[in-house]
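Structure file structure_4.pdb (PDB, C-alpha atoms) is printed below.
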```
ATOM      1  CA  MET A   1     -46.499  20.697-124.623  1.00  0.00           C
ATOM      2  CA  PRO A   2     -48.690  21.830-127.584  1.00  0.00           C
ATOM      3  CA  TYR A   3     -47.212  22.624-130.982  1.00  0.00           C
ATOM      4  CA  GLY A   4     -48.399  24.563-133.997  1.00  0.00           C
ATOM      5  CA  ILE A   5     -47.601  25.730-137.511  1.00  0.00           C
ATOM      6  CA  CYS A   6     -48.588  28.836-139.440  1.00  0.00           C
ATOM      7  CA  ASN A   7     -51.126  27.960-142.138  1.00  0.00           C
ATOM      8  CA  LEU A   8     -51.733  31.557-143.283  1.00  0.00           C
ATOM      9  CA  SER A   9     -49.628  33.941-145.361  1.00  0.00           C
ATOM     10  CA  ILE A  10     -48.377  36.417-142.753  1.00  0.00           C
ATOM     11  CA  VAL A  11     -49.482  36.427-139.106  1.00  0.00           C
ATOM     12  CA  PRO A  12     -48.587  39.296-136.736  1.00  0.00           C
ATOM     13  CA  LEU A  13     -46.626  38.313-133.635  1.00  0.00           C
ATOM     14  CA  ARG A  14     -47.519  40.712-130.814  1.00  0.00           C
ATOM     15  CA  ILE A  15     -45.787  41.587-127.562  1.00  0.00           C
ATOM     16  CA  GLU A  16     -49.056  41.320-125.591  1.00  0.00           C
ATOM     17  CA  PRO A  17     -52.275  39.297-126.172  1.00  0.00           C
ATOM     18  CA  SER A  18     -54.240  42.134-127.796  1.00  0.00           C
ATOM     19  CA  ASP A  19     -54.991  43.340-131.324  1.00  0.00           C
ATOM     20  CA  LYS A  20     -53.872  46.790-130.171  1.00  0.00           C
ATOM     21  CA  SER A  21     -50.502  45.502-128.977  1.00  0.00           C
ATOM     22  CA  GLU A  22     -47.229  46.245-130.745  1.00  0.00           C
ATOM     23  CA  MET A  23     -46.269  43.841-133.533  1.00  0.00           C
ATOM     24  CA  VAL A  24     -42.717  42.713-132.777  1.00  0.00           C
ATOM     25  CA  SER A  25     -42.366  40.199-135.614  1.00  0.00           C
ATOM     26  CA  GLN A  26     -44.347  38.067-138.038  1.00  0.00           C
ATOM     27  CA  VAL A  27     -44.948  34.350-138.469  1.00  0.00           C
ATOM     28  CA  LEU A  28     -44.805  33.312-142.103  1.00  0.00           C
ATOM     29  CA  PHE A  29     -46.547  30.413-143.806  1.00  0.00           C
ATOM     30  CA  GLY A  30     -45.000  27.090-142.779  1.00  0.00           C
ATOM     31  CA  GLU A  31     -43.120  28.318-139.707  1.00  0.00           C
ATOM     32  CA  HIS A  32     -43.561  25.929-136.786  1.00  0.00           C
ATOM     33  CA  PHE A  33     -43.498  26.733-133.106  1.00  0.00           C
ATOM     34  CA  THR A  34     -44.046  25.628-129.530  1.00  0.00           C
ATOM     35  CA  VAL A  35     -47.148  26.865-127.714  1.00  0.00           C
ATOM     36  CA  LEU A  36     -46.125  28.287-124.323  1.00  0.00           C
ATOM     37  CA  GLU A  37     -49.434  29.612-123.008  1.00  0.00           C
ATOM     38  CA  ILE A  38     -53.069  29.391-124.076  1.00  0.00           C
ATOM     39  CA  ARG A  39     -55.769  31.967-123.423  1.00  0.00           C
ATOM     40  CA  GLU A  40     -59.292  32.286-124.798  1.00  0.00           C
ATOM     41  CA  LYS A  41     -58.361  34.298-127.895  1.00  0.00           C
ATOM     42  CA  TRP A  42     -54.558  34.214-127.864  1.00  0.00           C
ATOM     43  CA  ILE A  43     -51.630  31.830-127.618  1.00  0.00           C
ATOM     44  CA  LYS A  44     -48.062  32.652-126.679  1.00  0.00           C
ATOM     45  CA  ILE A  45     -45.570  30.902-128.941  1.00  0.00           C
ATOM     46  CA  ARG A  46     -41.834  30.331-129.363  1.00  0.00           C
ATOM     47  CA  ILE A  47     -40.803  30.132-133.017  1.00  0.00           C
ATOM     48  CA  ALA A  48     -38.540  27.135-133.634  1.00  0.00           C
ATOM     49  CA  PHE A  49     -36.213  28.906-136.072  1.00  0.00           C
ATOM     50  CA  ASP A  50     -34.995  31.694-133.779  1.00  0.00           C
ATOM     51  CA  ASN A  51     -36.683  31.068-130.386  1.00  0.00           C
ATOM     52  CA  TYR A  52     -38.505  34.393-130.685  1.00  0.00           C
ATOM     53  CA  GLU A  53     -41.589  34.681-128.475  1.00  0.00           C
ATOM     54  CA  GLY A  54     -44.869  36.530-128.787  1.00  0.00           C
ATOM     55  CA  TRP A  55     -48.642  36.238-129.032  1.00  0.00           C
ATOM     56  CA  ILE A  56     -50.793  35.262-132.018  1.00  0.00           C
ATOM     57  CA  ASP A  57     -54.547  34.939-132.512  1.00  0.00           C
ATOM     58  CA  THR A  58     -55.914  31.441-131.813  1.00  0.00           C
ATOM     59  CA  ASN A  59     -57.626  31.519-135.236  1.00  0.00           C
ATOM     60  CA  GLN A  60     -54.346  31.972-137.073  1.00  0.00           C
ATOM     61  CA  TYR A  61     -52.520  28.679-136.721  1.00  0.00           C
ATOM     62  CA  LEU A  62     -52.847  24.933-137.160  1.00  0.00           C
ATOM     63  CA  LYS A  63     -52.258  22.504-134.291  1.00  0.00           C
ATOM     64  CA  ILE A  64     -49.713  19.758-134.967  1.00  0.00           C
ATOM     65  CA  THR A  65     -48.526  16.790-132.946  1.00  0.00           C
ATOM     66  CA  GLU A  66     -45.173  16.562-131.193  1.00  0.00           C
ATOM     67  CA  GLU A  67     -44.227  13.821-133.648  1.00  0.00           C
ATOM     68  CA  ASN A  68     -44.970  16.096-136.595  1.00  0.00           C
ATOM     69  CA  PHE A  69     -43.069  18.966-134.953  1.00  0.00           C
ATOM     70  CA  LEU A  70     -39.982  16.800-134.457  1.00  0.00           C
ATOM     71  CA  LYS A  71     -40.164  15.507-138.038  1.00  0.00           C
ATOM     72  CA  ILE A  72     -40.234  19.091-139.321  1.00  0.00           C
ATOM     73  CA  GLU A  73     -37.239  19.895-137.116  1.00  0.00           C
ATOM     74  CA  ALA A  74     -35.318  16.972-138.593  1.00  0.00           C
ATOM     75  CA  SER A  75     -36.317  17.579-142.209  1.00  0.00           C
ATOM     76  CA  LYS A  76     -34.439  19.588-144.827  1.00  0.00           C
ATOM     77  CA  ASN A  77     -35.421  23.237-144.941  1.00  0.00           C
ATOM     78  CA  ALA A  78     -37.125  24.494-148.113  1.00  0.00           C
ATOM     79  CA  LEU A  79     -38.176  28.125-148.553  1.00  0.00           C
ATOM     80  CA  ALA A  80     -40.295  29.890-151.155  1.00  0.00           C
ATOM     81  CA  GLY A  81     -37.995  31.882-153.420  1.00  0.00           C
ATOM     82  CA  GLU A  82     -40.447  34.125-155.283  1.00  0.00           C
ATOM     83  CA  LEU A  83     -41.134  37.614-153.912  1.00  0.00           C
ATOM     84  CA  ILE A  84     -44.823  36.767-154.007  1.00  0.00           C
ATOM     85  CA  ASP A  85     -46.456  33.505-155.090  1.00  0.00           C
ATOM     86  CA  PHE A  86     -49.106  31.062-153.965  1.00  0.00           C
ATOM     87  CA  VAL A  87     -49.713  27.498-152.890  1.00  0.00           C
ATOM     88  CA  THR A  88     -52.789  25.468-153.816  1.00  0.00           C
ATOM     89  CA  ASP A  89     -54.481  23.009-151.503  1.00  0.00           C
ATOM     90  CA  GLU A  90     -56.160  19.697-152.363  1.00  0.00           C
ATOM     91  CA  ASN A  91     -59.309  21.578-153.447  1.00  0.00           C
ATOM     92  CA  ASP A  92     -57.335  23.922-155.733  1.00  0.00           C
ATOM     93  CA  HIS A  93     -57.869  26.846-153.365  1.00  0.00           C
ATOM     94  CA  PHE A  94     -55.141  29.486-153.563  1.00  0.00           C
ATOM     95  CA  LEU A  95     -53.165  30.868-150.633  1.00  0.00           C
ATOM     96  CA  THR A  96     -50.745  33.721-151.214  1.00  0.00           C
ATOM     97  CA  ILE A  97     -47.293  33.380-149.682  1.00  0.00           C
ATOM     98  CA  ALA A  98     -44.255  35.667-149.551  1.00  0.00           C
ATOM     99  CA  ILE A  99     -40.586  35.008-150.130  1.00  0.00           C
ATOM    100  CA  GLY A 100     -39.075  33.096-147.204  1.00  0.00           C
ATOM    101  CA  ALA A 101     -42.228  31.126-146.435  1.00  0.00           C
ATOM    102  CA  THR A 102     -41.374  27.617-145.270  1.00  0.00           C
ATOM    103  CA  LEU A 103     -42.396  24.608-147.365  1.00  0.00           C
ATOM    104  CA  PRO A 104     -42.574  21.672-144.924  1.00  0.00           C
ATOM    105  CA  PHE A 105     -41.583  18.273-146.340  1.00  0.00           C
ATOM    106  CA  TYR A 106     -41.150  19.805-149.814  1.00  0.00           C
ATOM    107  CA  ASP A 107     -40.751  17.152-152.513  1.00  0.00           C
ATOM    108  CA  ASN A 108     -41.354  17.483-156.243  1.00  0.00           C
ATOM    109  CA  LYS A 109     -43.494  20.646-155.818  1.00  0.00           C
ATOM    110  CA  ASN A 110     -45.583  19.078-153.057  1.00  0.00           C
ATOM    111  CA  LEU A 111     -45.561  19.955-149.359  1.00  0.00           C
ATOM    112  CA  LYS A 112     -47.422  18.835-146.286  1.00  0.00           C
ATOM    113  CA  MET A 113     -48.592  20.685-143.192  1.00  0.00           C
ATOM    114  CA  GLY A 114     -50.119  18.438-140.558  1.00  0.00           C
ATOM    115  CA  THR A 115     -52.790  16.492-142.446  1.00  0.00           C
ATOM    116  CA  LEU A 116     -53.039  19.142-145.181  1.00  0.00           C
ATOM    117  CA  SER A 117     -51.313  18.871-148.564  1.00  0.00           C
ATOM    118  CA  TYR A 118     -50.302  21.772-150.824  1.00  0.00           C
ATOM    119  CA  ARG A 119     -48.563  22.327-154.145  1.00  0.00           C
ATOM    120  CA  TYR A 120     -46.024  25.051-154.879  1.00  0.00           C
ATOM    121  CA  GLU A 121     -44.729  25.674-158.394  1.00  0.00           C
ATOM    122  CA  GLY A 122     -42.256  28.500-157.754  1.00  0.00           C
ATOM    123  CA  CYS A 123     -38.530  28.861-157.117  1.00  0.00           C
ATOM    124  CA  VAL A 124     -37.230  27.160-153.965  1.00  0.00           C
ATOM    125  CA  PHE A 125     -34.235  27.874-151.739  1.00  0.00           C
ATOM    126  CA  ASN A 126     -33.160  24.602-150.137  1.00  0.00           C
ATOM    127  CA  GLU A 127     -29.351  24.701-150.240  1.00  0.00           C
ATOM    128  CA  LYS A 128     -26.705  26.846-148.574  1.00  0.00           C
ATOM    129  CA  GLN A 129     -25.729  29.673-150.896  1.00  0.00           C
ATOM    130  CA  SER A 130     -22.331  31.335-151.277  1.00  0.00           C
ATOM    131  CA  LYS A 131     -21.580  34.510-149.343  1.00  0.00           C
ATOM    132  CA  GLU A 132     -21.753  36.430-152.625  1.00  0.00           C
ATOM    133  CA  ALA A 133     -25.384  35.318-153.035  1.00  0.00           C
ATOM    134  CA  LEU A 134     -26.361  37.312-149.945  1.00  0.00           C
ATOM    135  CA  ILE A 135     -26.107  40.568-151.884  1.00  0.00           C
ATOM    136  CA  GLU A 136     -28.145  39.272-154.797  1.00  0.00           C
ATOM    137  CA  VAL A 137     -30.904  38.097-152.463  1.00  0.00           C
ATOM    138  CA  ALA A 138     -30.756  41.351-150.489  1.00  0.00           C
ATOM    139  CA  ALA A 139     -31.199  43.378-153.679  1.00  0.00           C
ATOM    140  CA  SER A 140     -34.470  41.584-154.410  1.00  0.00           C
ATOM    141  CA  PHE A 141     -35.967  43.423-151.401  1.00  0.00           C
ATOM    142  CA  LEU A 142     -35.024  46.895-152.680  1.00  0.00           C
ATOM    143  CA  ASN A 143     -37.716  49.542-152.069  1.00  0.00           C
ATOM    144  CA  ALA A 144     -39.731  47.287-149.731  1.00  0.00           C
ATOM    145  CA  PRO A 145     -41.311  49.708-147.204  1.00  0.00           C
ATOM    146  CA  TYR A 146     -40.078  49.823-143.631  1.00  0.00           C
ATOM    147  CA  LEU A 147     -42.431  48.166-141.142  1.00  0.00           C
ATOM    148  CA  TRP A 148     -41.589  47.617-137.470  1.00  0.00           C
ATOM    149  CA  GLY A 149     -41.700  43.854-136.896  1.00  0.00           C
ATOM    150  CA  GLY A 150     -42.046  43.088-140.623  1.00  0.00           C
ATOM    151  CA  LYS A 151     -40.346  40.217-142.464  1.00  0.00           C
ATOM    152  CA  THR A 152     -41.697  40.455-146.040  1.00  0.00           C
ATOM    153  CA  PRO A 153     -41.413  42.645-149.164  1.00  0.00           C
ATOM    154  CA  PHE A 154     -44.751  44.226-148.139  1.00  0.00           C
ATOM    155  CA  GLY A 155     -43.087  45.660-145.016  1.00  0.00           C
ATOM    156  CA  ILE A 156     -39.852  44.816-143.248  1.00  0.00           C
ATOM    157  CA  ASP A 157     -37.609  46.149-140.484  1.00  0.00           C
ATOM    158  CA  CYS A 158     -33.814  46.276-140.423  1.00  0.00           C
ATOM    159  CA  SER A 159     -33.185  43.037-138.549  1.00  0.00           C
ATOM    160  CA  GLY A 160     -36.091  41.249-140.236  1.00  0.00           C
ATOM    161  CA  PHE A 161     -34.374  42.104-143.522  1.00  0.00           C
ATOM    162  CA  THR A 162     -30.968  40.754-142.515  1.00  0.00           C
ATOM    163  CA  GLN A 163     -32.512  37.660-140.932  1.00  0.00           C
ATOM    164  CA  MET A 164     -34.579  36.826-144.027  1.00  0.00           C
ATOM    165  CA  VAL A 165     -31.668  37.373-146.433  1.00  0.00           C
ATOM    166  CA  TYR A 166     -29.425  35.074-144.416  1.00  0.00           C
ATOM    167  CA  LYS A 167     -32.235  32.542-143.945  1.00  0.00           C
ATOM    168  CA  LEU A 168     -32.880  32.330-147.681  1.00  0.00           C
ATOM    169  CA  CYS A 169     -29.182  31.652-148.188  1.00  0.00           C
ATOM    170  CA  GLY A 170     -29.179  28.860-145.604  1.00  0.00           C
ATOM    171  CA  TYR A 171     -27.835  30.638-142.512  1.00  0.00           C
ATOM    172  CA  LYS A 172     -29.443  31.333-139.150  1.00  0.00           C
ATOM    173  CA  LEU A 173     -29.600  34.783-137.571  1.00  0.00           C
ATOM    174  CA  LEU A 174     -31.498  35.747-134.443  1.00  0.00           C
ATOM    175  CA  ARG A 175     -34.422  38.146-134.802  1.00  0.00           C
ATOM    176  CA  ASP A 176     -33.443  41.542-133.345  1.00  0.00           C
ATOM    177  CA  ALA A 177     -30.423  43.697-134.209  1.00  0.00           C
ATOM    178  CA  GLY A 178     -29.061  43.514-130.662  1.00  0.00           C
ATOM    179  CA  GLN A 179     -29.347  39.725-130.719  1.00  0.00           C
ATOM    180  CA  GLN A 180     -27.677  39.454-134.125  1.00  0.00           C
ATOM    181  CA  ALA A 181     -24.789  41.576-132.845  1.00  0.00           C
ATOM    182  CA  THR A 182     -23.902  38.754-130.444  1.00  0.00           C
ATOM    183  CA  GLN A 183     -23.235  36.419-133.372  1.00  0.00           C
ATOM    184  CA  GLY A 184     -20.161  36.092-135.561  1.00  0.00           C
ATOM    185  CA  GLU A 185     -16.614  37.472-135.449  1.00  0.00           C
ATOM    186  CA  VAL A 186     -15.779  41.121-134.759  1.00  0.00           C
ATOM    187  CA  LEU A 187     -13.914  43.013-137.496  1.00  0.00           C
ATOM    188  CA  SER A 188     -11.774  45.980-136.478  1.00  0.00           C
ATOM    189  CA  PHE A 189     -12.079  48.055-139.648  1.00  0.00           C
ATOM    190  CA  ILE A 190     -14.407  48.483-142.607  1.00  0.00           C
ATOM    191  CA  GLU A 191     -11.443  47.620-144.817  1.00  0.00           C
ATOM    192  CA  GLU A 192     -11.473  44.095-143.358  1.00  0.00           C
ATOM    193  CA  SER A 193     -15.112  43.545-144.282  1.00  0.00           C
ATOM    194  CA  GLU A 194     -16.514  41.686-147.272  1.00  0.00           C
ATOM    195  CA  PRO A 195     -19.859  41.968-149.049  1.00  0.00           C
ATOM    196  CA  GLY A 196     -22.349  40.093-146.904  1.00  0.00           C
ATOM    197  CA  ASP A 197     -20.883  41.053-143.527  1.00  0.00           C
ATOM    198  CA  LEU A 198     -23.169  42.836-141.078  1.00  0.00           C
ATOM    199  CA  ALA A 199     -22.711  46.377-139.758  1.00  0.00           C
ATOM    200  CA  PHE A 200     -24.405  47.383-136.489  1.00  0.00           C
ATOM    201  CA  PHE A 201     -25.266  50.869-135.304  1.00  0.00           C
ATOM    202  CA  ASP A 202     -26.126  52.266-131.871  1.00  0.00           C
ATOM    203  CA  ASN A 203     -27.877  55.256-130.323  1.00  0.00           C
ATOM    204  CA  GLU A 204     -26.695  57.841-127.817  1.00  0.00           C
ATOM    205  CA  ASN A 205     -27.156  55.296-125.014  1.00  0.00           C
ATOM    206  CA  CYS A 206     -24.861  52.796-126.777  1.00  0.00           C
ATOM    207  CA  VAL A 207     -27.806  50.468-127.493  1.00  0.00           C
ATOM    208  CA  ILE A 208     -27.652  48.704-130.856  1.00  0.00           C
ATOM    209  CA  ILE A 209     -30.729  49.775-132.798  1.00  0.00           C
ATOM    210  CA  HIS A 210     -29.898  49.151-136.464  1.00  0.00           C
ATOM    211  CA  VAL A 211     -28.220  46.635-138.765  1.00  0.00           C
ATOM    212  CA  GLY A 212     -27.418  46.458-142.466  1.00  0.00           C
ATOM    213  CA  ILE A 213     -25.543  44.304-144.972  1.00  0.00           C
ATOM    214  CA  ILE A 214     -22.229  45.586-146.282  1.00  0.00           C
ATOM    215  CA  MET A 215     -21.759  45.707-150.057  1.00  0.00           C
ATOM    216  CA  LYS A 216     -18.598  46.308-152.069  1.00  0.00           C
ATOM    217  CA  ASP A 217     -16.988  49.744-152.506  1.00  0.00           C
ATOM    218  CA  ASN A 218     -18.223  51.076-149.133  1.00  0.00           C
ATOM    219  CA  TYR A 219     -21.952  50.747-149.779  1.00  0.00           C
ATOM    220  CA  ILE A 220     -24.543  49.240-147.448  1.00  0.00           C
ATOM    221  CA  ILE A 221     -28.051  47.923-148.045  1.00  0.00           C
ATOM    222  CA  HIS A 222     -30.441  48.400-145.120  1.00  0.00           C
ATOM    223  CA  ALA A 223     -33.985  49.281-144.047  1.00  0.00           C
ATOM    224  CA  HIS A 224     -34.482  53.008-143.426  1.00  0.00           C
ATOM    225  CA  GLY A 225     -37.885  54.160-144.642  1.00  0.00           C
ATOM    226  CA  LYS A 226     -37.472  51.445-147.244  1.00  0.00           C
ATOM    227  CA  ILE A 227     -34.817  48.952-148.248  1.00  0.00           C
ATOM    228  CA  ARG A 228     -32.192  51.245-149.751  1.00  0.00           C
ATOM    229  CA  ILE A 229     -28.503  51.489-150.592  1.00  0.00           C
ATOM    230  CA  ASP A 230     -26.355  54.153-148.938  1.00  0.00           C
ATOM    231  CA  ARG A 231     -22.686  54.849-148.325  1.00  0.00           C
ATOM    232  CA  ILE A 232     -20.892  53.594-145.209  1.00  0.00           C
ATOM    233  CA  ASP A 233     -17.706  54.985-143.627  1.00  0.00           C
ATOM    234  CA  HIS A 234     -15.989  54.857-140.240  1.00  0.00           C
ATOM    235  CA  SER A 235     -18.600  57.212-138.775  1.00  0.00           C
ATOM    236  CA  GLY A 236     -21.613  55.278-139.991  1.00  0.00           C
ATOM    237  CA  ILE A 237     -24.230  55.431-142.739  1.00  0.00           C
ATOM    238  CA  PHE A 238     -24.170  58.437-145.043  1.00  0.00           C
ATOM    239  CA  ASN A 239     -27.597  58.941-146.622  1.00  0.00           C
ATOM    240  CA  VAL A 240     -27.158  59.675-150.326  1.00  0.00           C
ATOM    241  CA  ASP A 241     -30.451  61.610-150.497  1.00  0.00           C
ATOM    242  CA  SER A 242     -30.199  63.838-147.423  1.00  0.00           C
ATOM    243  CA  GLN A 243     -26.395  64.076-147.664  1.00  0.00           C
ATOM    244  CA  ARG A 244     -25.902  63.477-143.950  1.00  0.00           C
ATOM    245  CA  HIS A 245     -24.982  60.686-141.572  1.00  0.00           C
ATOM    246  CA  THR A 246     -28.087  58.935-140.221  1.00  0.00           C
ATOM    247  CA  HIS A 247     -26.676  56.025-138.174  1.00  0.00           C
ATOM    248  CA  LYS A 248     -23.561  55.793-135.957  1.00  0.00           C
ATOM    249  CA  LEU A 249     -21.387  52.729-136.584  1.00  0.00           C
ATOM    250  CA  ARG A 250     -20.812  50.480-133.573  1.00  0.00           C
ATOM    251  CA  VAL A 251     -19.352  47.216-134.850  1.00  0.00           C
ATOM    252  CA  ILE A 252     -18.923  45.063-137.959  1.00  0.00           C
ATOM    253  CA  LYS A 253     -19.421  41.305-137.684  1.00  0.00           C
ATOM    254  CA  LYS A 254     -18.456  38.472-140.012  1.00  0.00           C
ATOM    255  CA  ILE A 255     -21.131  35.813-139.750  1.00  0.00           C
ATOM    256  CA  ILE A 256     -19.920  33.475-142.517  1.00  0.00           C
TER     257      ILE A 256
END
```
Would you give me this structure, written as structure tokens?
Amino acid sequence: MPYGICNLSIVPLRIEPSDKSEMVSQVLFGEHFTVLEIREKWIKIRIAFDNYEGWIDTNQYLKITEENFLKIEASKNALAGELIDFVTDENDHFLTIAIGATLPFYDNKNLKMGTLSYRYEGCVFNEKQSKEALIEVAASFLNAPYLWGGKTPFGIDCSGFTQMVYKLCGYKLLRDAGQQATQGEVLSFIEESEPGDLAFFDNENCVIIHVGIIMKDNYIIHAHGKIRIDRIDHSGIFNVDSQRHTHKLRVIKKII
């Protein structure tokens, strides 16, 4: 089975093999994956971190061996910690990367991707953080614009936001809000929750469509137009600008 790794900053992951197709997620620099299907201009992949599947352009990845894939799987995870930074290759060419980009085989500011070597000088997340750190990391995304399928400060959706915050702190969440709602322990009341717990919200058909991170004093940080902070109560999210409830609370989950 073929394997690959993302050697570009941010690659769109599409639901169908077409540039016009909906972007359901993104593949960030350094993320590795299994190739499930190959077509002339597209490949279908399964991302190793969360098993999420979709299509990317054949010009937007680097082939790696199974041996290299397995070594990455077994190695310690290191993630870029700056909102925006860059890596330099062996020819001193710059490549911009966003927070949460993976740094394969990171050691003393050096990293390796297949046969390619890079250098990264910025802050690195490579240890599990405390639950309290989730809120600090989440706040660094404030005012990032909402983008369906996005995972970066240049555009991010609600579950991409929660996944990236948890990932930077050393914890694994699935990609979509409905998938994340299957993880963790159910809490019966908001009063039982702690900063860092996840709140999920559903629509009129009882389908979970939104997720946010609970903060102290009945506030929540979430993606709605942008990454913003609003109030949360037993009914749901109360938008501090429009002065109305915008999302109906379904369940609160303790992940860590």
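Distances to Arg175 of chain A were evaluated for A:Ile43, A:Ile232, A:Leu147, A:Val211 using all atoms listed in the file, and the minimum falls at A:Val211.
Take atom CA of Val124 of chain A and atom CA of Leu103 of chain A: the distance between them is 8.8 Å.
Shortest atom-to-atom contact with Ile227 of chain A among A:Asp157, A:Asp202, A:Asp241, A:Asp85: A:Asp157, counting all atoms listed in the file.
Excluding Ile208 of chain A itself and any same-chain residue fewer than 2 positions from it, the protein and nucleic acid residues within 12 Å of it, counting all atoms listed in the file, are Cys158, Ser159, Asp176, Ala177, Gly178, Gln179, Gln180, Ala181, Thr182, Ala199, Phe200, Phe201, Asp202, Asn203, Glu204, Asn205, Cys206, His210, Val211, Gly212, His247, Lys248, Leu249, Arg250, Val251 and Ile252 of chain A.
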Residue with smallest distance to Ala144 of chain A - pool A:Arg244, A:Arg228, A:Lys76, A:Lys253, counting all atoms listed in the file: A:Arg228
Return the padded bounding box of segment 105-114 of chain A as lines of an AutoDock Vina configuration file: axis-aligned, built from all atoms listed in the file, 4 Å added on each side, with centre and edge lengths in Å to one decimal.
```
center_x = -45.4
center_y = 18.9
center_z = -148.4
size_x = 17.4
size_y = 11.5
size_z = 23.7
```
Pick from A:Gly114, A:Pro17, A:Gly54, A:Gly100 nearest to Ile72 of chain A, counting all atoms listed in the file: A:Gly114
Residues within 7 Å of Met23 of chain A, please, as a PDB file with C-alpha atoms, in the frame of the given file. Count all atoms listed in the file; anything in the same chain fewer than 5 positions from it doesn't count.
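Output file result-v2.pdb follows:
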```
ATOM      1  CA  PRO A  12     -48.587  39.296-136.736  1.00  0.00           C
ATOM      2  CA  LEU A  13     -46.626  38.313-133.635  1.00  0.00           C
ATOM      3  CA  ARG A  14     -47.519  40.712-130.814  1.00  0.00           C
ATOM      4  CA  ILE A  15     -45.787  41.587-127.562  1.00  0.00           C
ATOM      5  CA  GLY A 149     -41.700  43.854-136.896  1.00  0.00           C
TER       6      GLY A 149
END
```
Selection result for the PyMOL selection byres ((chain A and resi 184) around 6) on this file, as an NGL selection string: :A and (183 or 185 or 253-255)
Expansion of the PyMOL selection byres ((chain A and resi 63) around 8) into residues, as a PyMOL selection string: chain A and resi 2-5+61-62+64-65+114
Hits of the PyMOL selection byres ((chain A and resi 46) around 12) in this structure, as a PyMOL selection string: chain A and resi 1-5+13-14+25-27+31-37+43-45+47-56
